[in-house]
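Enquirer: Got a structure here, written out as structure tokens. Questions coming.
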Amino acid sequence: MEKPVEWPNGARMAFMLSFDVDGESLWLALDPENARRPKVLSLGTYGPLRGMPRILDLLEEFSIKATFFYPGYTAEKYPEGVREASKRGHEIAFHGYLHENFGNLDEKKQREIFNKTTKILEDITGLKVKGFRTPAGDLTKDTLKLMEEFGFTYSSSMRGDDRPYQIQIDGRKTNLVELPAHWELDDFPYFGFNFTPPVPHGQCRISPTDVPFKIFTEEFKGYYKYGLMYVIMFHPQVIGKPGRMLFLRNFLEFVKTYPDVWFARGEDIAGHYAQRYF
């Protein structure tokens, strides 16, 4: 049997609560013509303006620190949300500039985005950006090399494990930690919806909250049993709706009933893993 990861202070598992604050960038990246569609853009606007305040207050109530992945575009447009999240002790991490698919970009374009967004986030918070999550699709070896060059400590983009692991580039070990996440622990596949452009493409119906609640909690039980790292991904424009905030509250209440869960930001988990295992 594989040796379990040793978490701080004898914790049984790690729990990383993360939010992708895409705002309008998601919809502009899907189709630039959405710039002419205010109704579509308003789906994104809801996240920073309505979802974020509710989320920050709920996290404060539960005394949980989270990681917020911000596209540079969203941070520029809604800097007050970035400042408030950082002020409350949450981590602000990198999520591209306009929710780009890094797997389709050459090194030059990726470098431009790294330069632009890291400066935006660091100017707002006064803190070094340490975390990366690919905004859409995939990433490339150039992306990993740029993470190294810009002094990032971790990515939360891959799907290859349910524990942290050390990232390698062409067989060379790096100082980067991967904190893998999985689609079944993402709110968007259950709740994200729009007609034009169609999201999802098959136009399936929006899920009631009881289905993802069962999936999230059953997965949590498995992660807890095996002492793993549970990375859950939410989007303020999706989870920030009134009924879904009740869903999130109920989910956090469920998790809090389990002892010895280490609630940690991405930078904390990556730092612990690198110090302990590199």
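Letters A, B, ... mark the chains of the structure tokens in the order given; residue numbers begin at 1 per chain; ligand numbers begin at 1, in order shown.
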What's the 7 Å shell around Met16 of chain A, counting only C-alpha atoms, without same-chain residues fewer than 2 positions away, as a CSV table (one decimal) with N, CA and C atoms, in the first residue's frame?
Expert:
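The result, written out as out-v8.csv:
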```csv
chain,number,residue,atom,x,y,z
A,14,ALA,N,-5.6,17.2,3.5
A,14,ALA,CA,-5.6,18.6,3.2
A,14,ALA,C,-6.8,19.0,2.4
A,18,SER,N,-10.9,26.6,-3.4
A,18,SER,CA,-10.5,27.5,-4.4
A,18,SER,C,-11.6,28.1,-5.3
A,66,ALA,N,-9.0,30.7,1.7
A,66,ALA,CA,-9.1,30.1,0.4
A,66,ALA,C,-8.1,30.7,-0.5
A,230,TYR,N,-7.8,17.3,-1.1
A,230,TYR,CA,-9.1,17.6,-1.7
A,230,TYR,C,-9.1,19.0,-2.2
A,231,VAL,N,-9.1,19.1,-3.6
A,231,VAL,CA,-9.1,20.5,-4.2
A,231,VAL,C,-10.4,20.7,-4.8
A,232,ILE,N,-11.2,21.6,-4.3
A,232,ILE,CA,-12.5,21.9,-4.9
A,232,ILE,C,-12.5,23.3,-5.6
A,263,PHE,N,-7.4,22.8,6.5
A,263,PHE,CA,-7.9,23.8,5.6
A,263,PHE,C,-6.8,24.7,5.2
A,264,ALA,N,-6.4,24.7,4.0
A,264,ALA,CA,-5.2,25.5,3.6
A,264,ALA,C,-5.3,26.1,2.3
A,265,ARG,N,-4.6,27.2,2.1
A,265,ARG,CA,-4.4,27.8,0.8
A,265,ARG,C,-3.5,27.0,-0.1
A,266,GLY,N,-3.5,27.2,-1.4
A,266,GLY,CA,-2.6,26.5,-2.3
A,266,GLY,C,-1.2,26.7,-1.9
```
Enquirer: Mind checking which residues fall within 8 Å of segment 255-261 of chain A, counting only C-alpha atoms, ignoring those fewer than 5 positions away in the same chain, and posting them as a VMD selection string?
Expert: chain A and resid 10 to 15 217 220
Enquirer: I need the residues from that last selection saved to file as a short mmCIF file (atom, residue, chain, number, x, y, z; two decimals), in the first residue's frame (with N, CA and C atoms), if you can.
Expert:
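Just written: part.cif:
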```cif
data_model
loop_
_atom_site.label_atom_id
_atom_site.label_comp_id
_atom_site.auth_asym_id
_atom_site.auth_seq_id
_atom_site.Cartn_x
_atom_site.Cartn_y
_atom_site.Cartn_z
N GLY A 10 -0.34 16.45 12.33
CA GLY A 10 -1.07 15.19 12.39
C GLY A 10 -2.40 15.19 11.68
N ALA A 11 -2.64 16.16 10.79
CA ALA A 11 -3.90 16.21 10.06
C ALA A 11 -4.07 14.96 9.20
N ARG A 12 -5.30 14.58 9.00
CA ARG A 12 -5.58 13.37 8.21
C ARG A 12 -5.55 13.67 6.72
N MET A 13 -5.98 14.87 6.32
CA MET A 13 -6.04 15.22 4.90
C MET A 13 -5.91 16.72 4.75
N ALA A 14 -5.65 17.16 3.51
CA ALA A 14 -5.61 18.58 3.19
C ALA A 14 -6.84 18.95 2.39
N PHE A 15 -7.36 20.14 2.64
CA PHE A 15 -8.57 20.63 1.97
C PHE A 15 -8.26 22.01 1.40
N THR A 217 -19.69 15.31 -1.43
CA THR A 217 -19.55 14.71 -0.11
C THR A 217 -19.05 13.27 -0.19
N PHE A 220 -15.45 13.49 -0.85
CA PHE A 220 -14.75 13.90 0.37
C PHE A 220 -14.51 12.72 1.29
#
```
Enquirer: Skip segment 146-159 of chain A itself and residues of its chain fewer than 4 positions away, then list as a ChimeraX atom specification all residues within 6 Å of it, counting only C-alpha atoms.
Expert: /A:130-134,176-182
Enquirer: Name all residues at most 6 Å from Ala93 of chain A (count only C-alpha atoms; drop same-chain ones fewer than 2 positions away) and give them as an MDAnalysis selection string.
Expert: chainID A and resid 68:69 129 131
Enquirer: Take the residues just selected and output them with C-alpha atoms as a compact mmCIF listing (two decimals), in the first residue's frame.
Expert:
```txt
# COMPACT_ATOMS: atom_id res chain seq x y z
CA PHE A 68 -8.75 33.00 -5.43
CA PHE A 69 -7.46 32.57 -8.98
CA VAL A 129 2.08 35.64 -6.83
CA GLY A 131 0.06 29.95 -7.68
```
Enquirer: Work out how far apart atom CA of Leu49 of chain A and atom CA of Asp268 of chain A are and give it in Å to one decimal.
Expert: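 Atom CA of Asp268 of chain A lies at a distance of 27.7 Å from atom CA of Leu49 of chain A.
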Enquirer: Quick one: residues within 10 Å of Leu252 of chain A, only C-alpha atoms, excluding same-chain residues fewer than 5 positions away - as a short mmCIF file (atom, residue, chain, number, x, y, z; two decimals) with C-alpha atoms, in the first residue's frame?
Expert:
```cif
data_model
loop_
_atom_site.label_atom_id
_atom_site.label_comp_id
_atom_site.auth_asym_id
_atom_site.auth_seq_id
_atom_site.Cartn_x
_atom_site.Cartn_y
_atom_site.Cartn_z
CA LEU A 17 -10.97 25.60 -1.22
CA LEU A 58 -19.18 32.99 4.45
CA LEU A 59 -15.48 32.09 4.60
CA PHE A 62 -16.28 29.49 8.92
CA ILE A 64 -11.48 29.22 6.34
CA THR A 217 -19.55 14.71 -0.11
CA LEU A 246 -26.91 27.74 0.91
CA PHE A 247 -25.49 24.69 -0.87
CA THR A 257 -17.93 17.64 11.12
#
```
Enquirer: Considering only C-alpha atoms, return as a list in words whatever protein or nucleic-acid residues lie within 7 Å of segment 51-54 of chain A, sequence-local ones (same chain, fewer than 6 positions apart) excluded.
Expert: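 In the requested form, the answer reads Pro236, Gln237, Gly240 and Lys241 of chain A.
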Enquirer: Please provide the set of residues having any atom within 6 Å of segment 22-31 of chain A, restricted to only C-alpha atoms, with same-chain residues fewer than 4 positions apart removed, written as a CSV table (one decimal) with C-alpha atoms, in the first residue's frame.
Expert:
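Generated file (result_34.csv):
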```csv
chain,number,residue,atom,x,y,z
A,41,LEU,CA,-21.3,39.6,-20.1
A,44,GLY,CA,-19.6,37.2,-15.6
A,45,THR,CA,-20.3,40.5,-13.9
A,47,GLY,CA,-19.3,37.0,-9.9
A,74,THR,CA,-11.0,40.7,-13.9
A,98,LEU,CA,-8.4,37.0,-20.5
A,99,HIS,CA,-9.0,33.3,-19.6
```
Enquirer: Between A:Thr174, A:Thr196, A:Asn9, A:Thr117, which residue has the minimum interatomic distance to Glu33 of chain A, considering only C-alpha atoms?
Expert: A:Thr196
Enquirer: Pick out each residue of segment 13-191 of chain A that DSSP on the backbone tags as alpha helix (DSSP H); I need them as a PyMOL selection string.
Expert: chain A and resi 25-30+38-46+52-62+72-77+79-87+107-125+141-149+188-191
Enquirer: Mind the document's chain letters and residue numbers, and return as a PyMOL selection string the residues of segment 15-210 of chain A that DSSP labels strand (DSSP E or B).
Expert: chain A and resi 15-20+67-70+91-94+131-132+154-155+165-169+172-178+186+194+199
Enquirer: Create the file for the chosen residues now, containing C-alpha atoms and written as a short mmCIF file (atom, residue, chain, number, x, y, z; two decimals), in the first residue's frame.
Expert:
```cif
data_model
loop_
_atom_site.label_atom_id
_atom_site.label_comp_id
_atom_site.auth_asym_id
_atom_site.auth_seq_id
_atom_site.Cartn_x
_atom_site.Cartn_y
_atom_site.Cartn_z
CA PHE A 15 -8.57 20.63 1.97
CA MET A 16 -7.97 23.38 -0.60
CA LEU A 17 -10.97 25.60 -1.22
CA SER A 18 -10.46 27.55 -4.44
CA PHE A 19 -12.41 30.05 -6.51
CA ASP A 20 -11.83 31.05 -10.14
CA THR A 67 -7.26 30.66 -2.83
CA PHE A 68 -8.75 33.00 -5.43
CA PHE A 69 -7.46 32.57 -8.98
CA TYR A 70 -7.86 35.86 -10.85
CA GLU A 91 -4.37 33.91 -1.44
CA ILE A 92 -4.56 35.69 -4.80
CA ALA A 93 -3.23 33.52 -7.63
CA PHE A 94 -2.73 33.66 -11.41
CA GLY A 131 0.06 29.95 -7.68
CA PHE A 132 -1.02 29.21 -11.26
CA TYR A 154 2.88 25.67 -7.68
CA SER A 155 0.30 24.88 -10.31
CA TYR A 165 3.56 15.96 -6.68
CA GLN A 166 6.78 17.45 -7.99
CA ILE A 167 6.59 18.76 -11.55
CA GLN A 168 9.21 17.58 -14.02
CA ILE A 169 10.13 19.11 -17.37
CA ARG A 172 14.29 17.34 -14.97
CA LYS A 173 12.94 17.88 -11.48
CA THR A 174 11.78 21.39 -10.75
CA ASN A 175 10.89 23.29 -7.58
CA LEU A 176 7.27 23.45 -8.73
CA VAL A 177 4.53 21.52 -6.96
CA GLU A 178 1.39 20.36 -8.74
CA ASP A 186 -15.80 21.74 -10.08
CA ASN A 194 -25.81 29.87 -21.36
CA VAL A 199 -22.43 26.41 -22.55
#
```
Enquirer: Atom CA of Val82 of chain A to atom CA of Gly96 of chain A: how many Å, to one decimal?
Expert: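 Between these atoms lies a distance of 15.0 Å.
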